[in-house]
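Okay, upload02.txt now, which holds compact mmCIF, C-alpha atoms and all ligand atoms:
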# COMPACT_ATOMS: atom_id res chain seq x y z
CA MET A 17 -10.73 -4.93 -10.48
CA PRO A 18 -8.21 -2.17 -9.98
CA VAL A 19 -4.60 -2.94 -9.12
CA ILE A 20 -2.99 -0.85 -6.39
CA THR A 21 0.77 -1.18 -5.95
CA PHE A 22 2.81 -0.04 -2.97
CA ALA A 23 6.26 1.05 -4.10
CA ASN A 24 9.26 2.78 -2.61
CA THR A 25 12.77 1.60 -3.41
CA LYS A 26 13.86 2.41 0.11
CA GLY A 27 13.53 -0.49 2.56
CA GLY A 28 11.36 0.08 5.61
CA ALA A 29 9.31 2.94 4.19
CA GLY A 30 6.08 1.32 5.38
CA LYS A 31 4.89 -0.39 2.17
CA THR A 32 3.90 -3.74 3.66
CA THR A 33 2.15 -2.18 6.65
CA ALA A 34 0.16 0.26 4.51
CA ALA A 35 -0.71 -2.51 2.01
CA LEU A 36 -2.09 -4.76 4.75
CA ILE A 37 -4.03 -1.94 6.45
CA LEU A 38 -5.65 -1.09 3.14
CA ALA A 39 -6.38 -4.69 2.17
CA ALA A 40 -7.96 -5.49 5.53
CA GLU A 41 -10.10 -2.37 5.51
CA LEU A 42 -11.35 -2.87 1.94
CA ALA A 43 -12.14 -6.50 2.82
CA ARG A 44 -13.99 -5.45 5.97
CA CYS A 45 -16.20 -3.23 3.81
CA GLY A 46 -17.08 -6.19 1.58
CA ALA A 47 -14.57 -5.96 -1.29
CA ARG A 48 -12.82 -9.16 -2.36
CA VAL A 49 -9.11 -8.45 -2.11
CA THR A 50 -6.21 -10.44 -3.56
CA ILE A 51 -2.80 -9.49 -2.23
CA LEU A 52 0.19 -10.31 -4.44
CA ASP A 53 3.08 -10.67 -2.03
CA ALA A 54 6.22 -9.71 -3.93
CA ASP A 55 8.12 -8.65 -0.81
CA PRO A 56 11.02 -11.12 -0.35
CA GLN A 57 10.44 -10.91 3.40
CA HIS A 58 6.93 -12.36 2.90
CA TRP A 59 5.42 -10.55 5.87
CA ILE A 60 1.92 -10.63 4.44
CA THR A 61 2.19 -14.34 3.58
CA HIS A 62 3.30 -15.00 7.15
CA TRP A 63 0.46 -12.83 8.49
CA HIS A 64 -2.01 -14.84 6.40
CA GLU A 65 -0.61 -18.16 7.64
CA ILE A 66 -1.03 -17.20 11.30
CA SER A 67 -4.41 -15.53 10.74
CA GLY A 68 -6.27 -18.50 9.32
CA LYS A 69 -9.12 -17.67 6.97
CA VAL A 70 -9.74 -13.93 6.77
CA PRO A 71 -13.02 -13.15 4.99
CA ASN A 72 -12.56 -11.57 1.56
CA ILE A 73 -8.75 -11.81 1.55
CA GLU A 74 -6.61 -14.10 -0.58
CA VAL A 75 -2.82 -13.95 -0.56
CA ILE A 76 -0.62 -15.12 -3.41
CA SER A 77 3.02 -15.69 -2.48
CA HIS A 78 6.20 -15.93 -4.48
CA VAL A 79 5.13 -13.45 -7.11
CA THR A 80 7.77 -13.03 -9.80
CA MET A 81 8.31 -11.10 -13.00
CA ALA A 82 7.23 -14.16 -14.93
CA SER A 83 4.09 -14.86 -12.91
CA ILE A 84 2.63 -11.49 -11.94
CA GLN A 85 0.47 -10.93 -14.99
CA THR A 86 -0.89 -14.50 -14.87
CA HIS A 87 -1.84 -14.08 -11.19
CA ILE A 88 -3.87 -11.04 -12.14
CA SER A 89 -5.61 -12.54 -15.14
CA GLU A 90 -6.34 -15.85 -13.40
CA ASN A 91 -7.86 -14.18 -10.34
CA LYS A 92 -9.63 -11.19 -11.82
CA ALA A 93 -13.08 -12.79 -11.86
CA ARG A 94 -12.98 -13.31 -8.09
CA THR A 95 -11.21 -10.10 -7.13
CA ASP A 96 -12.43 -6.54 -6.61
CA TYR A 97 -9.04 -5.09 -5.68
CA PHE A 98 -5.54 -6.43 -6.27
CA ILE A 99 -2.92 -5.08 -3.89
CA ILE A 100 0.75 -5.59 -4.71
CA ASP A 101 3.40 -5.38 -2.01
CA LEU A 102 6.87 -4.90 -3.51
CA ALA A 103 10.40 -5.24 -2.23
CA GLY A 104 12.26 -2.13 -1.13
CA ALA A 105 14.38 -2.26 -4.25
CA ARG A 106 14.60 -0.84 -7.71
CA ASN A 107 14.16 -3.79 -10.06
CA THR A 108 12.29 -5.01 -13.10
CA LEU A 109 9.52 -6.55 -10.99
CA MET A 110 8.79 -3.07 -9.64
CA ALA A 111 8.63 -1.65 -13.15
CA THR A 112 6.35 -4.48 -14.33
CA ALA A 113 4.01 -4.14 -11.34
CA ILE A 114 3.79 -0.39 -11.83
CA GLY A 115 2.97 -0.88 -15.51
CA LEU A 116 0.05 -3.12 -14.53
CA SER A 117 -1.29 -0.73 -11.89
CA ASP A 118 -4.23 1.60 -11.80
CA HIS A 119 -2.74 3.49 -8.89
CA VAL A 120 0.69 3.48 -7.29
CA MET A 121 0.90 4.33 -3.60
CA ILE A 122 4.28 5.66 -2.54
CA PRO A 123 4.70 5.44 1.23
CA VAL A 124 7.14 8.00 2.57
CA GLN A 125 7.95 8.33 6.23
CA GLY A 126 6.34 11.59 7.22
CA CYS A 127 8.79 12.74 9.84
CA ALA A 128 12.10 11.71 8.41
CA MET A 129 11.09 13.01 4.98
CA ASP A 130 13.68 10.69 3.51
CA ALA A 131 11.93 10.76 0.18
CA LYS A 132 14.77 9.49 -2.00
CA GLY A 133 13.28 6.03 -2.53
CA GLY A 134 9.93 7.64 -3.26
CA ALA A 135 11.56 10.00 -5.74
CA GLN A 136 12.94 7.01 -7.69
CA VAL A 137 9.41 5.66 -8.09
CA LEU A 138 8.19 9.09 -9.19
CA GLU A 139 11.03 9.22 -11.74
CA LEU A 140 9.96 5.88 -13.19
CA LEU A 141 6.33 7.05 -13.43
CA CYS A 142 7.50 10.21 -15.16
CA HIS A 143 9.67 8.19 -17.55
CA LEU A 144 6.73 5.92 -18.47
CA HIS A 145 4.63 8.98 -19.19
CA GLU A 146 7.21 10.86 -21.24
CA LYS A 147 8.71 7.96 -23.18
CA ALA A 148 5.78 5.60 -23.59
CA GLY A 149 2.76 7.87 -23.10
CA ILE A 150 1.60 5.69 -20.21
CA ARG A 151 0.15 7.73 -17.40
CA ILE A 152 -0.35 5.94 -14.10
CA ASN A 153 -2.08 7.67 -11.24
CA HIS A 154 -0.12 7.79 -8.03
CA SER A 155 -0.07 9.30 -4.58
CA VAL A 156 2.45 9.72 -1.83
CA VAL A 157 1.11 8.42 1.46
CA LEU A 158 2.84 9.77 4.54
CA THR A 159 3.52 6.90 6.93
CA ARG A 160 4.70 6.36 10.48
CA VAL A 161 3.68 9.90 11.25
CA ASN A 162 4.07 10.70 14.92
CA SER A 163 0.63 11.20 16.47
CA LEU A 164 1.93 14.39 18.10
CA VAL A 165 2.89 15.98 14.79
CA THR A 166 0.54 18.89 14.38
CA THR A 167 -1.81 19.33 11.48
CA ARG A 168 0.14 22.47 10.66
CA ALA A 169 3.45 20.60 10.37
CA LEU A 170 1.81 18.05 8.10
CA GLN A 171 0.35 20.82 5.98
CA VAL A 172 3.88 22.14 5.43
CA VAL A 173 5.06 18.74 4.17
CA LYS A 174 2.03 18.41 1.90
CA GLN A 175 2.56 21.92 0.59
CA LEU A 176 6.20 21.14 -0.23
CA LEU A 177 5.21 18.07 -2.22
CA SER A 178 2.34 19.77 -3.99
CA GLU A 179 4.66 22.57 -5.11
CA ARG A 180 6.52 19.81 -6.95
CA ALA A 181 3.21 18.59 -8.34
CA VAL A 182 3.31 15.38 -6.31
CA PRO A 183 -0.16 14.29 -5.16
CA VAL A 184 -0.30 13.44 -1.46
CA LEU A 185 -3.13 11.67 0.37
CA ASP A 186 -4.86 13.80 2.96
CA THR A 187 -4.78 10.92 5.42
CA PRO A 188 -1.36 10.09 6.85
CA ILE A 189 -0.77 6.67 8.42
CA ILE A 190 0.08 7.31 12.05
CA GLU A 191 2.74 5.39 13.98
CA ARG A 192 0.61 2.99 16.04
CA ALA A 193 1.42 -0.15 18.01
CA ALA A 194 -1.60 -1.85 16.44
CA PHE A 195 -0.15 -1.50 12.94
CA ARG A 196 3.04 -3.20 14.10
CA ASP A 197 1.45 -5.84 16.33
CA ILE A 198 -0.94 -7.07 13.67
CA PHE A 199 1.97 -8.89 11.99
CA ASP A 200 2.70 -10.76 15.25
CA CYS A 201 -0.89 -11.49 16.29
CA GLY A 202 -2.47 -12.11 12.91
CA GLY A 203 -6.12 -11.26 12.27
CA THR A 204 -7.26 -7.71 11.73
CA LEU A 205 -7.66 -4.48 13.69
CA GLN A 206 -11.22 -5.67 14.35
CA THR A 207 -10.17 -8.97 15.94
CA MET A 208 -7.39 -7.45 18.07
CA ASP A 209 -7.89 -7.21 21.82
CA GLU A 210 -8.64 -3.62 22.89
CA SER A 211 -7.37 -4.26 26.40
CA ARG A 212 -3.92 -5.30 25.11
CA VAL A 213 -3.25 -2.83 22.30
CA SER A 214 -3.04 0.86 23.03
CA ASN A 215 -5.08 3.30 20.96
CA LEU A 216 -6.65 0.53 18.92
CA ASP A 217 -9.73 2.69 18.31
CA LYS A 218 -7.54 5.42 16.83
CA ALA A 219 -5.74 2.90 14.62
CA ARG A 220 -9.11 1.59 13.37
CA GLU A 221 -10.29 5.11 12.63
CA ASN A 222 -7.03 5.88 10.79
CA ALA A 223 -7.33 2.73 8.67
CA ARG A 224 -10.94 3.61 7.82
CA ALA A 225 -10.04 7.17 6.73
CA PHE A 226 -7.09 5.90 4.67
CA ALA A 227 -9.18 3.28 2.85
CA ASP A 228 -12.06 5.73 2.28
CA GLU A 229 -9.67 8.12 0.58
CA VAL A 230 -8.11 5.36 -1.54
CA ARG A 231 -11.55 4.05 -2.55
CA LYS A 232 -12.52 7.49 -3.83
CA LEU A 233 -9.29 7.76 -5.83
CA VAL A 234 -9.46 4.21 -7.14
CA PRO A 235 -13.09 3.28 -7.72
CA LEU A 236 -13.94 -0.32 -8.49
CA ARG A 237 -14.66 0.23 -12.17
CA LEU A 238 -11.10 1.34 -13.09
CA VAL A 239 -9.10 -0.88 -15.40
CA ASN A 240 -5.54 -0.13 -16.50
CA ARG A 241 -5.15 0.22 -20.28
CA ALA A 242 -2.29 -2.28 -20.62
CA ARG A 243 -4.30 -4.97 -18.83
CA ARG A 244 -7.44 -4.29 -20.82
CA ALA A 245 -5.51 -4.93 -24.01
CA ALA A 246 -3.98 -8.17 -22.67
N1 LIG B 1 2.18 3.07 10.83
C1 LIG B 1 3.08 2.33 11.49
N2 LIG B 1 3.03 2.24 12.84
C2 LIG B 1 3.94 1.49 13.52
N3 LIG B 1 4.94 0.81 12.96
C3 LIG B 1 5.04 0.86 11.62
C4 LIG B 1 4.13 1.61 10.80
N4 LIG B 1 4.48 1.47 9.51
C5 LIG B 1 5.56 0.66 9.50
N5 LIG B 1 5.90 0.30 10.75
C6 LIG B 1 7.04 -0.55 11.16
O1 LIG B 1 8.19 -0.10 10.41
C7 LIG B 1 8.94 -1.20 9.93
C8 LIG B 1 9.01 -1.14 8.41
O2 LIG B 1 7.68 -1.17 7.90
P1 LIG B 1 7.30 -2.07 6.62
O3 LIG B 1 7.79 -3.46 6.79
O4 LIG B 1 5.83 -1.86 6.41
O5 LIG B 1 8.13 -1.31 5.50
P2 LIG B 1 8.45 -1.81 4.01
O6 LIG B 1 8.53 -0.59 3.18
O7 LIG B 1 7.49 -2.84 3.59
O8 LIG B 1 9.90 -2.45 4.18
P3 LIG B 1 10.70 -3.37 3.08
O9 LIG B 1 11.15 -2.42 2.02
O10 LIG B 1 11.82 -3.94 3.89
O11 LIG B 1 9.74 -4.38 2.56
C9 LIG B 1 8.25 -2.45 10.46
O12 LIG B 1 8.88 -2.84 11.65
C10 LIG B 1 6.83 -1.99 10.75
O13 LIG B 1 6.22 -2.72 11.81
MG MG B 2 7.83 -4.78 2.90

Will you turn the file into structure tokens for me?
Amino acid sequence: MPVITFANTKGGAGKTTAALILAAELARCGARVTILDADPQHWITHWHEISGKVPNIEVISHVTMASIQTHISENKARTDYFIIDLAGARNTLMATAIGLSDHVMIPVQGCAMDAKGGAQVLELLCHLHEKAGIRINHSVVLTRVNSLVTTRALQVVKQLLSERAVPVLDTPIIERAAFRDIFDCGGTLQTMDESRVSNLDKARENARAFADEVRKLVPLRLVNRARRAA
């Protein structure tokens, strides 16, 4: 039961949206997903409340430094993937969640390229590796990418990051009304009304490609060393 954490110390980078898209897509494909909602804005908890029962998804709210590890150990028998949504802040909960993770996803807004908050997460990962010998896999995921941005422009951004040895997912998350509206309507991309949401098919396809890539990077059998010892 791998743990995937979404982290970027900058508010509004797209963590919560990417976390929910991934959770819903993994659940749609049959994985049992537990979301640990550590975002003080509780968007995912609210989404869950208005959605009613969503097959394969459980949401745990009010996750704290003191409780996070217990939530994972108590729910691991009924969970295939844990997904942690963090606050847009640099704090000890972020460090703890990262230490418990098999993979850290760092959403960075593709167009603005304001990567400072992402860089702080990368620094922490580097620090853990150098000082404690703990290596945690991670990837930048470009988010809110304008659908008109050309493949070539995206390649330039990816090239820039790879020159700094930062892994970047091939699939960017595109700016789509469906990804915003899902928090108002509840449910999933599959239950949304095609006649009311523009480009819903493209949003579904984007979510599928994103989750496929994550699944390959974070296969079900992975277990973080620190958790195995606990
Ligand atoms: N792919 C997307 N398409 C459309 N809107 C998006 C997308 N990603 C994020 N947004 C919108 O951008 C805003 C910020 O996104 P989100 O809440 O996911 O960021 P966050 O990193 O979780 O923020 P915080 O640090 O405050 O928790 C929200 O209004 C959200 O609806
Ligand atoms: Mg958030």

Counting all atoms listed in the file, the residue among A:Lys174, A:Arg231, A:Lys218, A:Lys147 that lies closest to ligand LIG 1 (chain B) is A:Lys218

At a cut-off of 10 Å around ligand LIG 1 (chain B), and using all atoms listed in the file, what residues come up? Please write them as a ChimeraX atom specification. /A:22-37,54-60,101-105,122-125,133,158-163,188-200,219,222-223

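Atom pair CA of Asp118 (chain A) / CA of Val19 (chain A): separated by 5.3 Å.
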
Which distance in Å separates CA of Thr95 (chain A) and CA of Leu140 (chain A), to one decimal? 27.2 Å

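Going from CA of Leu185 (chain A) to CA of Ser155 (chain A) covers 6.3 Å.
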
Near Arg151 (chain A), counting all atoms listed in the file, which residues have an atom at most 10 Å away, once you skip same-chain residues fewer than 5 positions from it, shown as a ChimeraX atom specification? /A:115,118-119,141-146,240-241

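With distances taken over all atoms listed in the file, A:Thr61 is the one residue among A:Thr50, A:Thr86, A:Gln206, A:Thr61 lying closest to ligand MG 2 (chain B).
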
Using all atoms listed in the file, the shortest atom-to-atom distance to Ala40 (chain A) among A:Ser67, A:Thr112, A:Thr167, A:Asn153 belongs to A:Ser67

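Restricting the calculation to all atoms listed in the file, the smallest distance between Val79 (chain A) and any of A:Ala47, A:Val165, A:Leu52, A:Ala111 is found for A:Leu52.
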
Show me, as a ChimeraX atom specification, the residues that have an atom within 10 Å of region 68-74 of chain A when counting all atoms listed in the file, minus same-chain residues fewer than 5 positions from it. /A:39-40,42-52,61,63,91,94-98,202-204

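Distances from A:Pro183, A:Gln171, A:Ile76, A:Gln136 to Ile88 (chain A) were compared using all atoms listed in the file, and the smallest one belongs to A:Ile76.
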
Any chance you could model N, CA and C atoms for region 130-145 of chain A and send them as a compact mmCIF listing (two decimals), in the coordinates of the input?
# COMPACT_ATOMS: atom_id res chain seq x y z
N ASP A 130 12.65 11.27 4.36
CA ASP A 130 13.68 10.69 3.51
C ASP A 130 12.97 10.18 2.27
N ALA A 131 12.82 11.07 1.31
CA ALA A 131 11.93 10.76 0.18
C ALA A 131 12.68 10.23 -1.02
N LYS A 132 13.97 9.88 -0.84
CA LYS A 132 14.77 9.49 -2.00
C LYS A 132 14.21 8.26 -2.73
N GLY A 133 13.84 7.25 -1.93
CA GLY A 133 13.28 6.03 -2.53
C GLY A 133 11.96 6.32 -3.21
N GLY A 134 11.19 7.24 -2.64
CA GLY A 134 9.93 7.64 -3.26
C GLY A 134 10.19 8.39 -4.55
N ALA A 135 11.23 9.21 -4.54
CA ALA A 135 11.56 10.00 -5.74
C ALA A 135 11.93 9.09 -6.90
N GLN A 136 12.57 7.94 -6.60
CA GLN A 136 12.94 7.01 -7.69
C GLN A 136 11.69 6.41 -8.34
N VAL A 137 10.67 6.17 -7.53
CA VAL A 137 9.41 5.66 -8.09
C VAL A 137 8.76 6.75 -8.94
N LEU A 138 8.78 7.97 -8.43
CA LEU A 138 8.19 9.09 -9.19
C LEU A 138 8.92 9.28 -10.52
N GLU A 139 10.25 9.10 -10.50
CA GLU A 139 11.03 9.22 -11.74
C GLU A 139 10.58 8.18 -12.76
N LEU A 140 10.39 6.96 -12.28
CA LEU A 140 9.96 5.88 -13.19
C LEU A 140 8.58 6.20 -13.79
N LEU A 141 7.67 6.70 -12.95
CA LEU A 141 6.33 7.05 -13.43
C LEU A 141 6.41 8.15 -14.48
N CYS A 142 7.31 9.10 -14.24
CA CYS A 142 7.50 10.21 -15.16
C CYS A 142 8.08 9.71 -16.49
N HIS A 143 9.03 8.78 -16.39
CA HIS A 143 9.67 8.19 -17.55
C HIS A 143 8.63 7.45 -18.41
N LEU A 144 7.78 6.66 -17.75
CA LEU A 144 6.73 5.92 -18.47
C LEU A 144 5.81 6.88 -19.23
N HIS A 145 5.52 8.00 -18.58
CA HIS A 145 4.63 8.98 -19.19
C HIS A 145 5.29 9.64 -20.39
